[in-house]
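S.K.: For reference, the file entry_1.txt (compact mmCIF, C-alpha atoms and all ligand atoms) is included below:
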# COMPACT_ATOMS: atom_id res chain seq x y z
CA MET O 11 0.00 0.00 0.00
CA ASN O 12 1.27 3.49 -0.78
CA GLY O 13 -0.99 5.33 1.60
CA GLU O 14 -3.84 5.80 -0.90
CA LYS O 15 -7.27 5.04 0.43
CA MET O 16 -8.92 1.97 -1.03
CA GLN O 17 -11.84 3.11 -3.19
CA LYS O 18 -15.15 1.34 -2.71
CA PRO O 19 -16.43 0.06 -6.06
CA GLN O 20 -19.17 2.07 -7.74
CA THR O 21 -22.73 0.86 -7.53
CA ARG O 22 -24.66 1.29 -10.77
CA VAL O 23 -28.39 1.79 -10.29
CA LEU O 24 -31.00 1.92 -13.07
CA PHE O 25 -34.57 2.99 -12.25
CA VAL O 26 -37.27 1.69 -14.58
CA CYS O 27 -40.95 2.51 -15.13
CA LEU O 28 -43.26 2.22 -18.15
CA GLY O 29 -42.80 5.51 -19.98
CA ASN O 30 -39.55 6.87 -18.45
CA ILE O 31 -41.06 10.33 -18.27
CA CYS O 32 -42.69 10.37 -14.80
CA ARG O 33 -41.66 7.92 -12.08
CA SER O 34 -38.21 6.67 -13.07
CA PRO O 35 -36.65 10.05 -14.02
CA ALA O 36 -37.97 11.36 -10.70
CA ALA O 37 -36.42 8.37 -8.89
CA GLU O 38 -33.14 8.98 -10.74
CA ALA O 39 -33.05 12.67 -9.71
CA ILE O 40 -34.11 12.03 -6.11
CA PHE O 41 -31.59 9.23 -5.64
CA ARG O 42 -28.89 11.45 -7.15
CA GLN O 43 -29.81 14.12 -4.61
CA THR O 44 -29.78 11.50 -1.82
CA VAL O 45 -26.25 10.31 -2.62
CA GLU O 46 -25.06 13.93 -3.00
CA HIS O 47 -26.51 14.69 0.40
CA HIS O 48 -24.46 11.80 1.82
CA GLY O 49 -21.33 13.01 0.00
CA ALA O 50 -21.26 9.79 -2.02
CA SER O 51 -21.81 10.96 -5.60
CA GLY O 52 -18.56 9.43 -6.84
CA ARG O 53 -19.63 6.00 -5.65
CA PHE O 54 -22.71 5.76 -7.87
CA VAL O 55 -23.77 5.62 -11.49
CA ILE O 56 -27.48 6.48 -11.71
CA ASP O 57 -29.77 6.36 -14.73
CA SER O 58 -33.37 5.61 -15.71
CA ALA O 59 -35.22 3.93 -18.58
CA GLY O 60 -38.68 2.78 -19.62
CA THR O 61 -40.04 -0.60 -20.66
CA ALA O 62 -42.05 1.11 -23.44
CA GLY O 63 -40.75 3.34 -26.20
CA TYR O 64 -43.62 5.84 -26.58
CA HIS O 65 -41.65 8.88 -25.47
CA VAL O 66 -38.04 8.10 -26.47
CA GLY O 67 -35.94 11.27 -26.73
CA GLU O 68 -38.43 13.41 -24.78
CA GLN O 69 -37.67 15.19 -21.54
CA PRO O 70 -39.62 14.22 -18.40
CA ASP O 71 -43.37 14.97 -18.27
CA ARG O 72 -44.00 18.67 -17.59
CA ARG O 73 -46.25 17.90 -14.61
CA MET O 74 -43.56 15.73 -13.00
CA ARG O 75 -40.98 18.46 -13.61
CA VAL O 76 -43.20 21.10 -12.02
CA HIS O 77 -43.95 19.04 -8.90
CA ALA O 78 -40.31 18.00 -8.51
CA ARG O 79 -39.14 21.60 -9.02
CA GLU O 80 -41.37 22.70 -6.12
CA ARG O 81 -39.27 20.41 -3.93
CA GLY O 82 -36.00 21.73 -5.32
CA ILE O 83 -35.42 18.76 -7.61
CA ASN O 84 -34.42 19.37 -11.23
CA LEU O 85 -35.38 16.60 -13.66
CA VAL O 86 -32.89 16.42 -16.51
CA HIS O 87 -33.18 13.26 -18.58
CA SER O 88 -33.73 12.16 -22.16
CA CYS O 89 -36.23 9.30 -22.25
CA ARG O 90 -34.83 5.96 -23.37
CA ARG O 91 -36.01 2.41 -23.49
CA VAL O 92 -34.45 -0.29 -21.29
CA LYS O 93 -32.18 -2.67 -23.24
CA VAL O 94 -30.54 -6.06 -22.68
CA ASP O 95 -27.11 -4.40 -22.29
CA ASP O 96 -28.45 -2.64 -19.18
CA PHE O 97 -28.13 -5.98 -17.39
CA ASP O 98 -24.36 -5.80 -17.96
CA ASN O 99 -24.06 -2.09 -17.29
CA PHE O 100 -25.97 -1.92 -13.98
CA ASP O 101 -25.80 -3.74 -10.64
CA LEU O 102 -29.37 -2.96 -9.58
CA ILE O 103 -32.36 -2.51 -11.87
CA ILE O 104 -35.27 -1.15 -9.87
CA GLY O 105 -38.82 -1.33 -11.23
CA MET O 106 -41.65 0.85 -9.95
CA ASP O 107 -44.55 -1.60 -10.18
CA ALA O 108 -45.38 -5.26 -10.79
CA SER O 109 -45.77 -4.79 -14.53
CA ASN O 110 -42.30 -3.19 -14.78
CA LEU O 111 -40.85 -6.12 -12.81
CA ARG O 112 -42.50 -8.69 -15.09
CA ASN O 113 -41.22 -6.93 -18.19
CA LEU O 114 -37.70 -6.59 -16.77
CA ARG O 115 -37.52 -10.24 -15.73
CA ALA O 116 -38.70 -11.27 -19.19
CA LEU O 117 -35.91 -9.18 -20.76
CA ALA O 118 -33.16 -10.47 -18.43
CA PRO O 119 -30.67 -12.56 -20.46
CA SER O 120 -29.90 -14.98 -17.60
CA VAL O 121 -31.09 -16.08 -14.17
CA GLU O 122 -28.16 -14.19 -12.67
CA ALA O 123 -29.16 -11.03 -14.56
CA ALA O 124 -32.77 -11.39 -13.37
CA ARG O 125 -31.51 -11.29 -9.78
CA LYS O 126 -30.50 -7.65 -10.35
CA VAL O 127 -34.18 -6.74 -10.72
CA ARG O 128 -35.76 -5.35 -7.55
CA GLY O 129 -38.99 -3.53 -6.76
CA MET O 130 -38.82 0.05 -5.44
CA ALA O 131 -41.47 -0.93 -2.87
CA GLU O 132 -38.90 -3.23 -1.19
CA PHE O 133 -37.34 -0.01 0.07
CA PHE O 134 -40.50 1.66 1.42
CA SER O 135 -40.42 2.24 5.16
CA PRO O 136 -42.41 -0.23 7.28
CA GLY O 137 -46.11 0.65 7.39
CA ALA O 138 -46.20 2.16 3.88
CA ARG O 139 -49.72 2.20 2.42
CA TYR O 140 -48.53 1.10 -1.05
CA ASP O 141 -46.76 -1.94 -2.43
CA HIS O 142 -45.64 -0.18 -5.63
CA VAL O 143 -45.12 3.33 -7.04
CA PRO O 144 -48.45 4.08 -8.76
CA ASP O 145 -48.44 5.38 -12.33
CA PRO O 146 -49.39 9.10 -12.13
CA TYR O 147 -49.81 9.62 -15.90
CA TYR O 148 -53.63 9.72 -15.88
CA GLU O 149 -53.86 11.19 -12.37
CA GLY O 150 -54.07 14.73 -11.03
CA ALA O 151 -51.59 16.69 -8.94
CA GLU O 152 -52.01 14.38 -5.94
CA GLY O 153 -50.74 11.43 -8.02
CA PHE O 154 -47.50 13.25 -8.73
CA GLU O 155 -47.11 14.34 -5.12
CA LEU O 156 -47.68 10.74 -3.98
CA VAL O 157 -44.95 9.49 -6.34
CA LEU O 158 -42.50 12.05 -4.95
CA ASP O 159 -43.39 11.17 -1.34
CA LEU O 160 -42.90 7.44 -1.96
CA LEU O 161 -39.64 8.00 -3.85
CA ASP O 162 -38.23 10.32 -1.16
CA ASP O 163 -38.76 7.62 1.43
CA ALA O 164 -37.54 4.72 -0.72
CA CYS O 165 -34.38 6.49 -1.95
CA GLU O 166 -33.11 7.09 1.57
CA ASN O 167 -33.73 3.44 2.49
CA LEU O 168 -32.19 2.24 -0.77
CA TYR O 169 -29.05 4.25 0.00
CA SER O 170 -28.80 2.60 3.44
CA ALA O 171 -29.49 -0.86 2.00
CA ILE O 172 -26.69 -0.48 -0.56
CA GLY O 173 -24.36 0.65 2.22
CA GLU O 174 -25.22 -2.56 4.07
CA GLY O 175 -24.54 -4.63 0.96
CA ILE O 176 -28.29 -5.08 0.15
P1 LIG O 201 -44.19 6.57 -16.17
O1 LIG O 201 -45.64 7.12 -16.57
O2 LIG O 201 -44.20 5.09 -16.48
O3 LIG O 201 -44.10 6.85 -14.71
O4 LIG O 201 -43.19 7.36 -16.99
C1 LIG O 201 -46.20 6.94 -17.84
C2 LIG O 201 -45.81 7.75 -18.87
C3 LIG O 201 -46.39 7.61 -20.13
C4 LIG O 201 -47.36 6.64 -20.32
C5 LIG O 201 -47.74 5.82 -19.28
C6 LIG O 201 -47.17 5.96 -18.03
N1 LIG O 201 -47.98 6.52 -21.58
O5 LIG O 201 -48.90 5.69 -21.71
O6 LIG O 201 -47.60 7.23 -22.53
Go ahead and render the structure in this file as structure tokens.
Ligand code: 4NP

M.R.:
Amino acid sequence: MNGEKMQKPQTRVLFVCLGNICRSPAAEAIFRQTVEHHGASGRFVIDSAGTAGYHVGEQPDRRMRVHARERGINLVHSCRRVKVDDFDNFDLIIGMDASNLRNLRALAPSVEAARKVRGMAEFFSPGARYDHVPDPYYEGAEGFELVLDLLDDACENLYSAIGEGI
């Protein structure tokens, strides 16, 4: 050893929803803020993607951007579809609801790759009233606020879980 500190390996986290314009870009931005808050930005690669391709190339949904902005969170992302290579490029692939998880597991190229797929609800605090992050696309303002509340809670717990080796 030459006195340099051993660097912990980076953890690469991909958040996935259906459209990649509401829930997963919000999760990406909130988790980025979480790791920054803990002074751990250099230890993470964070991205998001959608299982569907309806909005590829678009920025996040305006409503999601407005609600996030009110909490001091800036959503900057270009919508993309999840791809098989993501299973090589990420350590954790976190789906927002049961449909996302089904689609991700169907796309996984191996049993080992499928083990990278986790549900965001696994990281909700005990007593949470939801078992998934509900799709806000056809909802009003309260749907977007609910998504942000659930993601705030889950991102902090996800950060701790990664620190404990998940
Ligand atoms: P997201 O929400 O999966 O949270 O990005 C949706 C965005 C778009 C559509 C559905 C859900 N869509 O049907 O276009």

S.K.: For Asp96 (chain O), which residue among O:Thr44, O:Ser109, O:Thr61, O:Gln20 is the nearest when counting all atoms listed in the file?

M.R.: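 So, comparing all the options, the nearest one is O:Thr61.
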
S.K.: Could you report the residues within 8 Å of ligand LIG 201 (chain O), using only C-alpha atoms and all ligand atoms, as a PyMOL selection string?

M.R.: chain O and resi 26-35+60+64-65+70-71+144-148

S.K.: Can you work out the spacing between CA of Ser170 (chain O) and CA of Met106 (chain O) in Å, to one decimal?

M.R.: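 Going from CA of Ser170 (chain O) over to CA of Met106 (chain O), I get 18.6 Å.
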
S.K.: Counting only C-alpha atoms, which residue out of O:Gly52, O:Ala36, O:Asp107, O:Val121 sits closest to Val157 (chain O)?

M.R.: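 When distances to Val157 (chain O) are compared using only C-alpha atoms, the smallest one comes from O:Ala36.
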
S.K.: Go through O:Val55, O:Leu117, O:Val23, O:Ala78 and flag the residue nearest Asp162 (chain O), using all atoms listed in the file for the distances.

M.R.: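 The closest residue to Asp162 (chain O) is O:Ala78.
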
S.K.: Work out how far apart CA of Arg42 (chain O) and CA of Ala164 (chain O) are and give it in Å to one decimal.

M.R.: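 For CA of Arg42 (chain O) relative to CA of Ala164 (chain O), the distance reads 12.7 Å.
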
S.K.: Have a look at O:Val45, O:Leu85, O:Ile56, O:Leu161 and name the one nearest to Phe134 (chain O); count only C-alpha atoms.

M.R.: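 Under the stated criterion, the closest residue is O:Leu161.
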
S.K.: Choose the residue, out of O:Val143, O:Ala59, O:Met74, O:Cys165, that has the smallest atom-to-atom separation from Glu46 (chain O); count all atoms listed in the file.

M.R.: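 Ranked by minimum distance to Glu46 (chain O), first place goes to O:Cys165.
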
S.K.: As a PDB file with C-alpha atoms, keeping the file's coordinate frame, please: the residues near Gln69 (chain O) (cut-off 7 Å, only C-alpha atoms, same-chain neighbours under 5 positions excluded).

M.R.:
ATOM      1  CA  ILE O  31     -41.060  10.330 -18.270  1.00  0.00           C
ATOM      2  CA  HIS O  87     -33.180  13.260 -18.580  1.00  0.00           C
ATOM      3  CA  SER O  88     -33.730  12.160 -22.160  1.00  0.00           C
ATOM      4  CA  CYS O  89     -36.230   9.300 -22.250  1.00  0.00           C
TER       5      CYS O  89
END

S.K.: Produce a table with one row for each residue of region 107-162 of chain O that has an atom at most 8 Å from any atom of region 97-100 of chain O, each row naming the nearest atom pair and its distance in Å at one decimal; use all atoms listed in the file; arrange rows by chain and rising residue number; format as JSON lines.

M.R.:
{"residue": "O:Ala118", "atom": "CA", "partner": "O:Phe97", "partner_atom": "CA", "distance": 6.8}
{"residue": "O:Pro119", "atom": "CA", "partner": "O:Phe97", "partner_atom": "CA", "distance": 7.7}
{"residue": "O:Ala123", "atom": "CA", "partner": "O:Phe97", "partner_atom": "CA", "distance": 5.9}
{"residue": "O:Lys126", "atom": "CA", "partner": "O:Phe97", "partner_atom": "CA", "distance": 7.6}

S.K.: CA of Asp95 (chain O) and CA of Ala37 (chain O) are how many Å apart?

M.R.: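 Between these atoms lies a distance of 20.7 Å.
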
S.K.: Pick from O:Lys18, O:Arg81, O:Arg90, O:Arg128: nearest to Leu102 (chain O), with only C-alpha atoms counted?

M.R.: O:Arg128

S.K.: Got a sec: who's within 10 Å of Ala138 (chain O), counting all atoms listed in the file, leaving out chain neighbours fewer than 6 positions off, as a list in words?

M.R.: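 Within the cut-off, the hits are Ala131, Leu160 and Asp163 of chain O.
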
S.K.: The centre and edge lengths of an axis-aligned box containing all atoms of region 47-63 of chain O present in the file, extended by 4 Å on each side, are to be given in Å to one decimal, as JSON.

M.R.:
{"center_x": -30.3, "center_y": 7.0, "center_z": -12.2, "size_x": 31.5, "size_y": 23.3, "size_z": 36.0}

S.K.: Neighbourhood query: residues within 8 Å of (-50.9, 19.4, -11.2), file coordinates, counting all atoms listed in the file; return as an MDAnalysis selection string.

M.R.: chainID O and resid 73 76:77 150:152 154

S.K.: Counting only C-alpha atoms, write as a PyMOL selection string all protein and nucleic acid residues lying at most 8 Å from (-35.3, -8.6, -9.3) in the file's frame.

M.R.: chain O and resi 103-104+111+115+124-129
